[in-house]
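**Q** The file below is start28.cif, mmCIF, C-alpha atoms:
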```cif
data_protein
loop_
_atom_site.label_atom_id
_atom_site.label_comp_id
_atom_site.auth_asym_id
_atom_site.auth_seq_id
_atom_site.Cartn_x
_atom_site.Cartn_y
_atom_site.Cartn_z
CA MET A 1 49.43 117.98 76.95
CA ASP A 2 53.00 117.87 78.18
CA THR A 3 51.97 117.55 81.80
CA THR A 4 49.63 114.64 80.95
CA ARG A 5 52.38 112.84 79.10
CA SER A 6 54.94 113.28 81.86
CA LYS A 7 52.27 112.05 84.31
CA ASP A 8 51.75 109.00 82.08
CA ASP A 9 55.50 108.44 81.90
CA GLN A 10 55.71 108.67 85.67
CA GLN A 11 52.95 106.06 86.05
CA LEU A 12 54.63 103.82 83.52
CA ARG A 13 57.94 104.02 85.37
CA GLU A 14 56.22 103.17 88.65
CA LEU A 15 54.47 100.21 87.04
CA LYS A 16 57.75 99.04 85.59
CA THR A 17 59.39 99.16 89.01
CA GLN A 18 56.46 97.25 90.50
CA VAL A 19 56.67 94.58 87.81
CA GLU A 20 60.40 94.26 88.38
CA GLU A 21 59.89 93.90 92.13
CA LEU A 22 57.18 91.29 91.62
CA SER A 23 59.35 89.36 89.23
CA ARG A 24 62.24 89.39 91.74
CA ALA A 25 59.89 88.16 94.48
CA LEU A 26 58.63 85.46 92.11
CA GLN A 27 62.20 84.34 91.39
CA GLU A 28 62.90 84.15 95.11
CA MET A 29 59.74 82.12 95.73
CA LYS A 30 60.66 79.81 92.88
CA ARG A 31 64.11 79.29 94.39
CA ARG A 32 62.60 78.49 97.82
CA LEU A 33 60.06 76.14 96.29
CA MET A 34 62.80 74.26 94.46
CA LEU A 35 64.81 74.02 97.66
CA SER A 36 61.84 72.75 99.65
CA GLU A 37 60.97 70.21 96.94
CA LYS A 38 64.57 69.09 96.89
CA SER A 39 64.60 68.67 100.65
CA ALA A 40 61.27 66.78 100.58
CA LEU A 41 62.69 64.41 97.98
CA LEU A 42 65.86 63.99 100.00
CA GLY A 43 63.72 63.27 103.07
CA GLN A 44 61.88 60.50 101.23
CA LEU A 45 65.12 59.05 99.95
CA VAL A 46 66.69 59.06 103.41
CA ALA A 47 63.59 57.47 104.98
CA GLY A 48 63.72 54.77 102.30
CA ILE A 49 67.38 54.07 102.96
CA ALA A 50 66.81 53.95 106.72
CA HIS A 51 64.09 51.38 106.08
CA GLU A 52 66.29 49.28 103.79
CA ILE A 53 69.10 49.26 106.35
CA ASN A 54 66.82 47.61 108.91
CA THR A 55 67.05 44.10 107.49
CA PRO A 56 70.87 43.79 107.41
CA LEU A 57 71.04 45.80 110.63
CA GLY A 58 68.58 43.38 112.25
CA ALA A 59 70.83 40.47 111.34
CA LEU A 60 73.98 42.27 112.59
CA LYS A 61 72.40 43.34 115.86
CA SER A 62 71.06 39.87 116.50
CA ASN A 63 74.35 38.21 115.55
CA SER A 64 76.42 40.45 117.81
CA ASP A 65 74.10 39.40 120.64
CA LEU A 66 74.49 35.76 119.55
CA PHE A 67 78.31 35.94 119.56
CA MET A 68 78.13 37.04 123.19
CA ARG A 69 75.83 34.15 124.04
CA TYR A 70 77.96 31.58 122.17
CA THR A 71 81.21 32.87 123.71
CA PHE A 72 79.65 32.59 127.15
CA LYS A 73 78.64 28.96 126.48
CA ILE A 74 81.97 27.93 124.99
CA LYS A 75 83.84 29.56 127.87
CA ALA A 76 81.63 27.80 130.42
CA MET A 77 82.35 24.45 128.71
CA LEU A 78 86.14 24.98 128.57
CA LEU A 79 86.45 26.33 132.09
CA ASP A 80 84.20 23.67 133.60
CA PRO A 81 85.86 21.98 136.64
CA GLU A 82 85.50 18.69 134.72
CA SER A 83 87.71 19.82 131.83
CA PRO A 84 91.48 19.14 131.97
CA GLY A 85 93.67 21.53 133.95
CA GLU A 86 95.87 22.41 130.96
CA VAL A 87 92.76 23.82 129.28
CA ARG A 88 91.18 25.44 132.35
CA GLU A 89 94.36 27.16 133.51
CA ASN A 90 95.94 27.88 130.14
CA PRO A 91 96.70 31.62 130.21
CA ALA A 92 96.67 31.78 126.39
CA ILE A 93 93.07 30.54 126.28
CA LEU A 94 91.99 33.01 128.96
CA LYS A 95 93.67 35.82 127.04
CA LEU A 96 91.89 34.81 123.84
CA PHE A 97 88.56 34.88 125.65
CA ALA A 98 89.30 38.32 127.09
CA GLU A 99 89.98 39.61 123.55
CA VAL A 100 86.88 37.99 122.05
CA GLU A 101 84.71 39.33 124.86
CA LYS A 102 86.12 42.81 124.37
CA LEU A 103 85.35 42.69 120.63
CA ASN A 104 81.85 41.38 121.32
CA ARG A 105 81.18 44.32 123.62
CA VAL A 106 82.41 46.76 120.96
CA ASN A 107 80.24 45.07 118.31
CA LYS A 108 77.20 45.35 120.53
CA GLU A 109 77.90 49.02 121.23
CA ALA A 110 78.50 49.71 117.54
CA SER A 111 75.29 48.03 116.39
CA ASP A 112 73.30 49.71 119.18
CA ARG A 113 74.61 53.05 117.98
CA ILE A 114 73.65 52.35 114.36
CA VAL A 115 70.16 51.37 115.55
CA GLU A 116 69.93 54.68 117.43
CA ILE A 117 71.07 56.68 114.37
CA VAL A 118 68.63 54.91 112.04
CA ASN A 119 65.83 55.48 114.58
CA GLY A 120 66.73 59.16 114.68
CA ILE A 121 66.77 59.48 110.90
CA ARG A 122 63.45 57.75 110.32
CA ARG A 123 61.82 59.70 113.12
CA TYR A 124 63.20 62.97 111.72
CA ALA A 125 62.29 62.17 108.12
CA ARG A 126 58.69 61.45 109.03
CA LYS A 127 57.34 64.87 108.16
CA ASP A 128 54.05 63.53 106.90
CA GLU A 129 52.78 62.29 110.26
CA CYS A 130 49.24 63.58 110.60
CA ALA A 131 48.19 62.13 113.93
CA PRO A 132 49.84 62.92 117.28
CA THR A 133 50.90 59.91 119.34
CA GLN A 134 52.06 59.05 122.84
CA ALA A 135 55.88 59.16 122.95
CA ASP A 136 58.90 59.46 125.23
CA LEU A 137 60.45 62.94 125.26
CA HIS A 138 63.88 61.67 126.34
CA GLU A 139 63.96 58.97 123.66
CA ILE A 140 63.23 61.67 121.05
CA LEU A 141 66.06 63.82 122.44
CA ASN A 142 68.49 60.88 122.45
CA SER A 143 67.70 59.87 118.87
CA THR A 144 68.02 63.52 117.83
CA LEU A 145 71.45 63.69 119.43
CA ALA A 146 72.47 60.56 117.54
CA ILE A 147 71.81 62.28 114.20
CA VAL A 148 73.51 65.58 115.08
CA HIS A 149 76.49 63.80 116.65
CA HIS A 150 78.76 64.53 113.66
CA GLU A 151 78.02 68.25 114.04
CA LEU A 152 79.17 68.31 117.67
CA LYS A 153 81.84 65.69 118.17
CA ASN A 154 85.33 66.69 119.30
CA ARG A 155 84.21 70.31 119.50
CA VAL A 156 81.11 70.72 121.63
CA ILE A 157 80.47 68.91 124.90
CA VAL A 158 76.81 68.13 125.52
CA HIS A 159 75.56 67.91 129.11
CA LEU A 160 72.25 66.16 129.67
CA SER A 161 69.99 66.52 132.65
CA TYR A 162 66.66 64.76 132.24
CA GLN A 163 64.27 65.52 135.09
CA ALA A 164 60.88 65.81 133.37
CA ASP A 165 58.20 63.14 133.25
CA PRO A 166 59.05 61.89 129.73
CA ARG A 167 55.53 60.82 128.66
CA ILE A 168 54.24 63.22 126.05
CA HIS A 169 51.43 63.33 123.51
CA CYS A 170 53.07 64.87 120.43
CA PHE A 171 54.16 64.70 116.80
CA PRO A 172 57.51 62.94 117.44
CA GLY A 173 58.92 63.85 114.00
CA GLN A 174 58.21 67.53 114.57
CA LEU A 175 59.68 67.53 118.07
CA SER A 176 62.80 65.89 116.66
CA GLN A 177 63.02 68.63 114.00
CA ILE A 178 62.62 71.35 116.65
CA PHE A 179 65.50 69.85 118.64
CA VAL A 180 67.69 69.33 115.54
CA ASN A 181 67.26 73.00 114.58
CA LEU A 182 67.96 74.32 118.08
CA ILE A 183 70.96 72.05 118.70
CA VAL A 184 72.50 72.76 115.28
CA ASN A 185 71.95 76.51 115.80
CA ALA A 186 73.57 76.24 119.23
CA SER A 187 76.52 74.44 117.70
CA HIS A 188 76.85 77.07 114.94
CA ALA A 189 76.81 79.83 117.58
CA ILE A 190 79.87 78.25 119.20
CA GLU A 191 83.10 79.32 117.53
CA GLY A 192 85.76 76.76 118.33
CA ARG A 193 85.09 74.74 121.46
CA GLY A 194 82.13 75.10 123.75
CA GLU A 195 79.31 73.44 125.64
CA ILE A 196 75.60 72.77 125.22
CA PHE A 197 73.39 72.07 128.23
CA ILE A 198 70.17 70.19 127.55
CA LYS A 199 67.77 70.00 130.45
CA THR A 200 64.20 68.79 130.80
CA TYR A 201 61.95 69.47 133.75
CA ASN A 202 58.33 70.09 134.67
CA ARG A 203 56.98 73.55 135.34
CA ASN A 204 53.53 73.04 136.87
CA SER A 205 52.11 70.41 134.51
CA ASP A 206 54.07 71.62 131.45
CA ALA A 207 57.18 69.87 130.17
CA VAL A 208 60.11 72.23 129.56
CA VAL A 209 63.05 71.44 127.27
CA GLU A 210 65.90 73.88 127.78
CA ILE A 211 68.80 74.12 125.33
CA ARG A 212 71.58 76.45 126.45
CA ASP A 213 74.82 77.11 124.60
CA THR A 214 78.04 78.93 125.44
CA GLY A 215 78.12 80.53 121.98
CA LYS A 216 78.42 84.10 120.78
CA GLY A 217 74.84 85.10 121.68
CA ILE A 218 72.21 87.10 119.80
CA PRO A 219 72.31 90.93 119.88
CA GLN A 220 69.26 92.50 121.56
CA SER A 221 68.38 94.28 118.29
CA GLU A 222 67.97 90.98 116.44
CA LEU A 223 66.20 89.02 119.16
CA ALA A 224 62.72 90.20 118.18
CA ARG A 225 63.17 89.08 114.57
CA ILE A 226 64.69 85.59 114.90
CA PHE A 227 61.38 83.76 114.33
CA GLU A 228 60.55 85.76 111.16
CA ALA A 229 60.62 83.68 107.99
CA GLY A 230 63.51 84.85 105.82
CA PHE A 231 65.44 86.52 108.64
CA THR A 232 68.97 85.18 108.84
CA THR A 233 72.46 86.21 109.88
CA LYS A 234 74.12 83.08 108.49
CA LYS A 235 76.08 83.34 105.24
CA ASN A 236 74.16 80.64 103.41
CA GLY A 237 71.09 80.66 105.63
CA MET A 238 67.54 80.73 104.30
CA GLY A 239 66.08 82.09 107.52
CA MET A 240 63.65 79.18 107.78
CA GLY A 241 64.99 77.18 110.75
CA LEU A 242 63.52 79.11 113.67
CA ALA A 243 60.39 80.05 111.69
CA LEU A 244 59.73 76.30 111.34
CA VAL A 245 60.56 75.76 115.02
CA LYS A 246 57.94 78.36 115.94
CA GLN A 247 55.38 76.74 113.60
CA MET A 248 56.03 73.28 115.00
CA ALA A 249 55.91 74.53 118.60
CA ASP A 250 52.53 76.14 117.77
CA ASN A 251 51.34 72.76 116.48
CA HIS A 252 51.99 71.48 120.02
CA ARG A 253 50.26 74.49 121.65
CA GLY A 254 53.77 75.20 122.92
CA GLN A 255 55.60 78.41 123.89
CA ILE A 256 59.19 79.39 123.20
CA GLU A 257 61.29 81.47 125.55
CA VAL A 258 64.65 82.94 124.51
CA GLU A 259 67.31 84.59 126.62
CA SER A 260 70.60 85.72 125.17
CA ALA A 261 73.69 87.69 126.11
CA VAL A 262 76.30 88.60 123.50
CA GLY A 263 79.52 86.80 124.31
CA ALA A 264 77.92 84.53 126.92
CA GLY A 265 75.43 82.38 125.03
CA THR A 266 71.77 81.73 124.34
CA THR A 267 69.06 79.73 126.09
CA PHE A 268 65.98 78.42 124.27
CA ARG A 269 63.11 76.93 126.24
CA ILE A 270 60.34 74.97 124.58
CA ILE A 271 57.34 74.73 126.90
CA LEU A 272 55.00 71.90 126.03
CA PRO A 273 51.65 71.75 127.81
CA ALA A 274 50.40 68.44 129.22
CA GLY A 275 47.35 66.70 127.80
CA ASP A 276 46.36 65.20 124.48
CA LEU A 277 46.67 67.06 121.18
CA GLN A 278 43.81 67.16 118.69
CA GLU A 279 44.25 65.31 115.40
CA MET B 1 52.28 20.64 118.60
CA THR B 2 53.64 17.34 119.64
CA GLY B 3 51.02 16.88 122.37
CA LEU B 4 51.04 19.73 124.85
CA ASN B 5 54.78 20.01 125.16
CA GLU B 6 56.24 23.42 124.32
CA ASP B 7 59.89 22.27 124.34
CA ASN B 8 59.87 20.65 120.92
CA ALA B 9 57.41 23.01 119.31
CA SER B 10 57.62 23.20 115.54
CA VAL B 11 58.46 26.78 114.44
CA VAL B 12 58.25 28.02 110.83
CA LEU B 13 60.32 31.09 109.85
CA VAL B 14 59.77 32.83 106.49
CA ASP B 15 61.94 35.67 105.11
CA ASP B 16 63.25 36.25 101.61
CA GLU B 17 66.56 37.33 103.18
CA GLU B 18 68.74 34.36 104.06
CA MET B 19 70.72 36.44 106.57
CA VAL B 20 67.65 37.02 108.74
CA LEU B 21 66.77 33.31 108.69
CA THR B 22 70.33 32.31 109.61
CA SER B 23 70.38 34.68 112.55
CA LEU B 24 66.91 33.74 113.86
CA SER B 25 67.40 30.01 113.54
CA SER B 26 70.86 30.18 115.14
CA PHE B 27 69.35 32.03 118.09
CA LEU B 28 66.49 29.55 118.52
CA THR B 29 68.87 26.62 118.19
CA LEU B 30 71.07 28.09 120.91
CA GLU B 31 68.38 29.06 123.39
CA THR B 32 65.56 26.57 122.79
CA THR B 33 64.91 22.98 121.79
CA TYR B 34 62.33 23.99 119.17
CA ASP B 35 62.18 22.26 115.83
CA VAL B 36 63.00 25.18 113.50
CA HIS B 37 62.07 25.20 109.78
CA THR B 38 63.23 28.10 107.61
CA PHE B 39 61.90 29.14 104.17
CA THR B 40 62.86 31.90 101.73
CA SER B 41 59.68 31.21 99.77
CA ALA B 42 56.22 31.77 101.23
CA LYS B 43 54.69 29.27 98.76
CA THR B 44 57.02 26.47 99.86
CA ALA B 45 56.37 27.36 103.50
CA LEU B 46 52.61 27.15 102.93
CA LYS B 47 52.93 23.66 101.44
CA PHE B 48 55.01 22.59 104.44
CA ILE B 49 52.40 23.96 106.86
CA GLU B 50 49.60 22.15 105.01
CA ASN B 51 51.40 18.81 105.26
CA ASN B 52 53.02 19.01 108.70
CA ASP B 53 52.23 19.78 112.32
CA VAL B 54 53.30 23.36 112.95
CA ASP B 55 52.88 25.28 116.22
CA ILE B 56 53.78 28.86 115.30
CA VAL B 57 54.69 30.89 112.19
CA ILE B 58 56.87 34.01 111.93
CA SER B 59 56.94 35.80 108.57
CA ASP B 60 58.65 38.87 107.13
CA TYR B 61 56.30 41.51 105.69
CA LEU B 62 57.95 42.67 102.46
CA MET B 63 58.70 39.68 100.23
CA PRO B 64 58.77 39.53 96.41
CA GLU B 65 56.45 36.64 95.50
CA MET B 66 53.85 37.11 98.24
CA ASP B 67 53.77 39.66 101.07
CA GLY B 68 53.75 38.44 104.65
CA ILE B 69 50.17 39.47 105.38
CA THR B 70 48.78 37.61 102.35
CA PHE B 71 50.87 34.60 103.34
CA LEU B 72 49.70 34.62 106.98
CA GLY B 73 46.10 35.08 105.75
CA LYS B 74 46.52 31.85 103.77
CA VAL B 75 48.00 30.12 106.82
CA ARG B 76 44.90 31.14 108.77
CA HIS B 77 42.74 29.70 105.98
CA VAL B 78 44.38 26.25 106.13
CA LYS B 79 45.16 26.08 109.86
CA PRO B 80 43.40 28.83 111.83
CA GLU B 81 44.66 27.54 115.20
CA ILE B 82 48.34 28.37 114.49
CA PRO B 83 49.47 31.70 116.04
CA ARG B 84 50.92 34.01 113.37
CA ILE B 85 53.58 36.68 113.93
CA ILE B 86 54.73 39.30 111.43
CA LEU B 87 58.26 40.71 111.29
CA THR B 88 58.18 44.25 109.98
CA GLY B 89 60.24 47.33 109.22
CA TYR B 90 59.21 50.66 110.70
CA ALA B 91 57.64 52.03 107.52
CA ASP B 92 55.15 49.14 107.33
CA LYS B 93 54.21 49.34 111.00
CA GLU B 94 50.80 50.91 110.42
CA ASN B 95 49.90 48.31 107.79
CA ALA B 96 51.11 45.58 110.11
CA ILE B 97 48.90 46.83 112.92
CA LYS B 98 45.91 46.97 110.55
CA ALA B 99 46.69 43.41 109.53
CA ILE B 100 46.64 42.24 113.14
CA ASN B 101 42.89 42.78 112.99
CA GLU B 102 42.29 41.92 109.34
CA VAL B 103 44.01 38.56 109.16
CA GLY B 104 44.03 37.94 112.90
CA LEU B 105 47.73 38.14 113.69
CA TYR B 106 48.96 37.28 117.16
CA GLN B 107 51.75 39.89 117.28
CA TYR B 108 54.16 41.98 115.24
CA ILE B 109 57.91 42.27 115.81
CA GLU B 110 59.82 45.31 114.60
CA LYS B 111 63.13 45.13 112.74
CA PRO B 112 65.83 45.36 114.04
CA TRP B 113 64.48 42.97 116.63
CA ASP B 114 65.74 42.20 120.11
CA ASN B 115 66.41 38.48 120.63
CA ASP B 116 65.04 38.35 124.18
CA ASP B 117 61.83 40.16 123.17
CA LEU B 118 61.45 37.82 120.23
CA LEU B 119 61.74 34.78 122.48
CA ILE B 120 59.15 36.15 124.92
CA THR B 121 56.70 36.81 122.05
CA LEU B 122 57.31 33.33 120.68
CA ARG B 123 56.85 31.65 124.09
CA ASN B 124 53.67 33.60 124.78
CA GLY B 125 52.31 32.66 121.35
CA LEU B 126 53.03 28.99 122.00
CA GLU B 127 51.53 29.24 125.49
CA LYS B 128 48.40 30.79 124.02
CA GLN B 129 48.15 28.01 121.50
CA ARG B 130 48.63 25.38 124.23
CA LEU B 131 45.88 26.95 126.36
CA MET B 132 43.53 27.22 123.38
CA LYS B 133 44.11 23.55 122.66
CA LYS B 134 43.42 22.66 126.27
CA LEU B 135 40.28 24.79 126.22
CA GLN B 136 39.13 23.06 123.05
CA GLU B 137 39.67 19.67 124.71
CA LYS B 138 37.71 20.74 127.79
CA ILE B 139 34.87 22.04 125.62
CA GLU B 140 34.76 18.70 123.82
CA GLN B 141 34.72 16.86 127.16
CA ILE B 142 31.88 19.04 128.40
CA ASN B 143 29.94 18.52 125.16
CA LYS B 144 30.43 14.78 125.45
CA ALA B 145 29.39 14.77 129.13
CA TYR B 146 26.35 16.84 128.24
CA ALA B 147 25.39 14.43 125.46
CA ASP B 148 25.80 11.50 127.88
CA LEU B 149 23.62 13.32 130.40
CA GLN B 150 20.97 13.92 127.77
CA GLY B 151 21.02 10.19 127.02
CA ILE B 152 20.62 9.29 130.69
CA HIS B 153 17.83 11.84 131.04
CA LYS B 154 15.95 10.21 128.14
CA GLU B 155 16.48 6.77 129.70
CA ILE B 156 15.10 7.98 133.04
CA VAL B 157 12.08 9.56 131.40
CA LYS B 158 11.46 6.39 129.38
CA THR B 159 11.65 4.23 132.51
CA PHE B 160 9.11 6.26 134.41
CA VAL B 161 6.63 7.14 131.73
#
```
Would you mind writing the file out in structure tokens?

**A**
Amino acid sequence: MDTTRSKDDQQLRELKTQVEELSRALQEMKRRLMLSEKSALLGQLVAGIAHEINTPLGALKSNSDLFMRYTFKIKAMLLDPESPGEVRENPAILKLFAEVEKLNRVNKEASDRIVEIVNGIRRYARKDECAPTQADLHEILNSTLAIVHHELKNRVIVHLSYQADPRIHCFPGQLSQIFVNLIVNASHAIEGRGEIFIKTYNRNSDAVVEIRDTGKGIPQSELARIFEAGFTTKKNGMGMGLALVKQMADNHRGQIEVESAVGAGTTFRIILPAGDLQE
Amino acid sequence: MTGLNEDNASVVLVDDEEMVLTSLSSFLTLETTYDVHTFTSAKTALKFIENNDVDIVISDYLMPEMDGITFLGKVRHVKPEIPRIILTGYADKENAIKAINEVGLYQYIEKPWDNDDLLITLRNGLEKQRLMKKLQEKIEQINKAYADLQGIHKEIVKTFV
């Protein structure tokens, strides 16, 4: 009898442990689900804001262009050989024009940059895209850089070398998310100041996007696990970034190559095959 | 259009946002000699189009009382010959493209727009309308000539039979 009971007790204890483990796993899944729902909601909100900004931004962009055109016309009228010499040769007037023209240039640059950022955000936030489309690889990279600018500025210098044929049939939102993840990771790997080299080129008919950083590098022992969901070495990391990158590269029938040396930096290469993707 | 002259074409702009209208009309006033009419209400714009000669219409997509596609559909109903252009934000792009076929739009322009692109689209739209008008005139001339010919043919037959 005693042996049966202790056997039962043993089984009960095992079951209890199993239930506890399952409940922990369930808690973790619940936490992840909440986080992903939160980020989906945030994505929608951001896409909505980007859309709302377009009307006032349209007016600003157009007006900054108009100020340049009007200044040009007014200047041409005042400096016309027909107009009186005290106007034409008045150094104060010329100085005023130089100032106005300078401000107009800055306004144009500023509004162009906002347009680029909004483009980047709406492209990035478009997770729901179901059909691949024809796009420009370098435009996607540029709009991605506009939205990660705050992460890099004054600390990381980005070097661009675009050599690939930029035409690509892809999910532009997903490509943008791949690049955001890789560039932000590269930036996180850099302690203090450093550099990121972004290069595109063609290897046979494939397009290759290479992102190299001068960061701390990934130890050989971890390299095999970086694409596993849940694997992370960051303090507050979820271990989802590179797992998603892998998934999204798969959606493009793409390959990822990684080379890393501790203390020297890491290179990621996304290899995207030519040709149309299936819907 | 005032005859076949593009220079004083009558342009109707519709957007519920005054700031967009101010910017667009200022640009057209600076760079063209078009006769520009702006409306924040699609209903008022429709009345104007019914009662006046208009050569081209540009309308915003998202508007409170009537969306741009419904409005341009109504414009087509009253004056099908006027080219219609929709101004749209990125999120409505797919709907806008669908509408190009459904209500026969000439073009769509994305916000934030580029002034030079906008002018090219506008000029091409007006050019298209001018050519269509010319074509219509030629067709009428041919029809008339054909009718005259038929008449002569009958006369000839009558004379000989």

**Q** What is the CA of Ile256 (chain A) to CA of Phe227 (chain A) distance in Å?

**A** 10.1 Å

**Q** Apply the PyMOL selection byres ((chain A and resi 157) around 7) to the structure shown and report the selected residues as a list of chain:residue names.

**A**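 After applying the PyMOL selection byres ((chain A and resi 157) around 7), what remains is A:Arg155, A:Val156, A:Val158, A:His159, A:Gly194, A:Glu195, A:Ile196.
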
**Q** Would you give me, as a tab-separated table (two decimals) with C-alpha atoms, in the coordinates of the input, the residues of chain B that come within 12 Å of chain A, using all atoms listed in the file?

**A**
```
chain	number	residue	atom	x	y	z
B	15	ASP	CA	61.94	35.67	105.11
B	16	ASP	CA	63.25	36.25	101.61
B	17	GLU	CA	66.56	37.33	103.18
B	18	GLU	CA	68.74	34.36	104.06
B	19	MET	CA	70.72	36.44	106.57
B	20	VAL	CA	67.65	37.02	108.74
B	21	LEU	CA	66.77	33.31	108.69
B	22	THR	CA	70.33	32.31	109.61
B	23	SER	CA	70.38	34.68	112.55
B	24	LEU	CA	66.91	33.74	113.86
B	25	SER	CA	67.40	30.01	113.54
B	26	SER	CA	70.86	30.18	115.14
B	27	PHE	CA	69.35	32.03	118.09
B	28	LEU	CA	66.49	29.55	118.52
B	29	THR	CA	68.87	26.62	118.19
B	30	LEU	CA	71.07	28.09	120.91
B	31	GLU	CA	68.38	29.06	123.39
B	60	ASP	CA	58.65	38.87	107.13
B	61	TYR	CA	56.30	41.51	105.69
B	62	LEU	CA	57.95	42.67	102.46
B	63	MET	CA	58.70	39.68	100.23
B	87	LEU	CA	58.26	40.71	111.29
B	88	THR	CA	58.18	44.25	109.98
B	89	GLY	CA	60.24	47.33	109.22
B	90	TYR	CA	59.21	50.66	110.70
B	91	ALA	CA	57.64	52.03	107.52
B	92	ASP	CA	55.15	49.14	107.33
B	93	LYS	CA	54.21	49.34	111.00
B	94	GLU	CA	50.80	50.91	110.42
B	109	ILE	CA	57.91	42.27	115.81
B	110	GLU	CA	59.82	45.31	114.60
B	111	LYS	CA	63.13	45.13	112.74
B	112	PRO	CA	65.83	45.36	114.04
B	113	TRP	CA	64.48	42.97	116.63
B	114	ASP	CA	65.74	42.20	120.11
B	115	ASN	CA	66.41	38.48	120.63
B	116	ASP	CA	65.04	38.35	124.18
B	117	ASP	CA	61.83	40.16	123.17
B	118	LEU	CA	61.45	37.82	120.23
```

**Q** Hey, which of A:Met29, A:Val118, A:Ile74, A:Met68 ends up closest to Gly230 (chain A)? Count all atoms listed in the file.

**A**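 Using all atoms listed in the file, the shortest distance to Gly230 (chain A) belongs to A:Met29.
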
**Q** If the PyMOL selection byres ((chain B and resi 74-82) around 12) is run on the structure shown, which residues does it catch, given as a PyMOL selection string?

**A** chain B and resi 1+9-12+42-59+66-73+83-85+102-106+122+125-133+136

**Q** Would you write out, as number ranges by chain, every residue that the PyMOL selection byres ((chain B and resi 38) around 6) captures in this file?

**A** B: 12-14, 37, 39

**Q** Around all of region 57-73 of chain B's listed atoms, make the axis-aligned box with 4 Å on each side and tell me centre and edge lengths in Å to one decimal, as lines of an AutoDock Vina configuration file.

**A**
```
center_x = 52.4
center_y = 36.8
center_z = 103.8
size_x = 20.7
size_y = 19.8
size_z = 24.7
```

**Q** Can you measure CA of Gly237 (chain A) to CA of Phe171 (chain A) for me? One decimal in Å is fine.

**A**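 Between CA of Gly237 (chain A) and CA of Phe171 (chain A) the gap is 25.8 Å.
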
**Q** One decimal, in Å: what's the spacing between CA of His150 (chain A) and CA of Lys234 (chain A)?

**A**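 Separating CA of His150 (chain A) from CA of Lys234 (chain A) is a distance of 19.8 Å.
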
**Q** Compile the contact shell of Ile178 (chain A) as a list in words: residues with an atom at most 8 Å away, counting all atoms listed in the file, same-chain residues fewer than 6 positions apart removed.

**A** Leu244, Val245, Met248 and Ala249 of chain A

**Q** Which polymer residues have any atom within 9 Å of an atom of Thr71 (chain A), counting only C-alpha atoms, with same-chain residues fewer than 5 positions away left out, as an mmCIF file with C-alpha atoms, keeping the file's coordinate frame?

**A**
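Wrote it out as out-v9.cif, contents follow:
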```cif
data_model
loop_
_atom_site.group_PDB
_atom_site.id
_atom_site.type_symbol
_atom_site.label_atom_id
_atom_site.label_comp_id
_atom_site.auth_asym_id
_atom_site.auth_seq_id
_atom_site.Cartn_x
_atom_site.Cartn_y
_atom_site.Cartn_z
ATOM 1 C CA LEU A 66 74.490 35.760 119.550
ATOM 2 C CA ALA A 76 81.630 27.800 130.420
ATOM 3 C CA PHE A 97 88.560 34.880 125.650
ATOM 4 C CA VAL A 100 86.880 37.990 122.050
ATOM 5 C CA GLU A 101 84.710 39.330 124.860
ATOM 6 C CA ASN A 104 81.850 41.380 121.320
#
```

**Q** At a cut-off of 7 Å, using only C-alpha atoms, what residues contact region 130-142 of chain A? Leave out same-chain residues fewer than 3 positions from it and give the result as a PyMOL selection string.

**A** chain A and resi 145-146+166-172+176+277+279
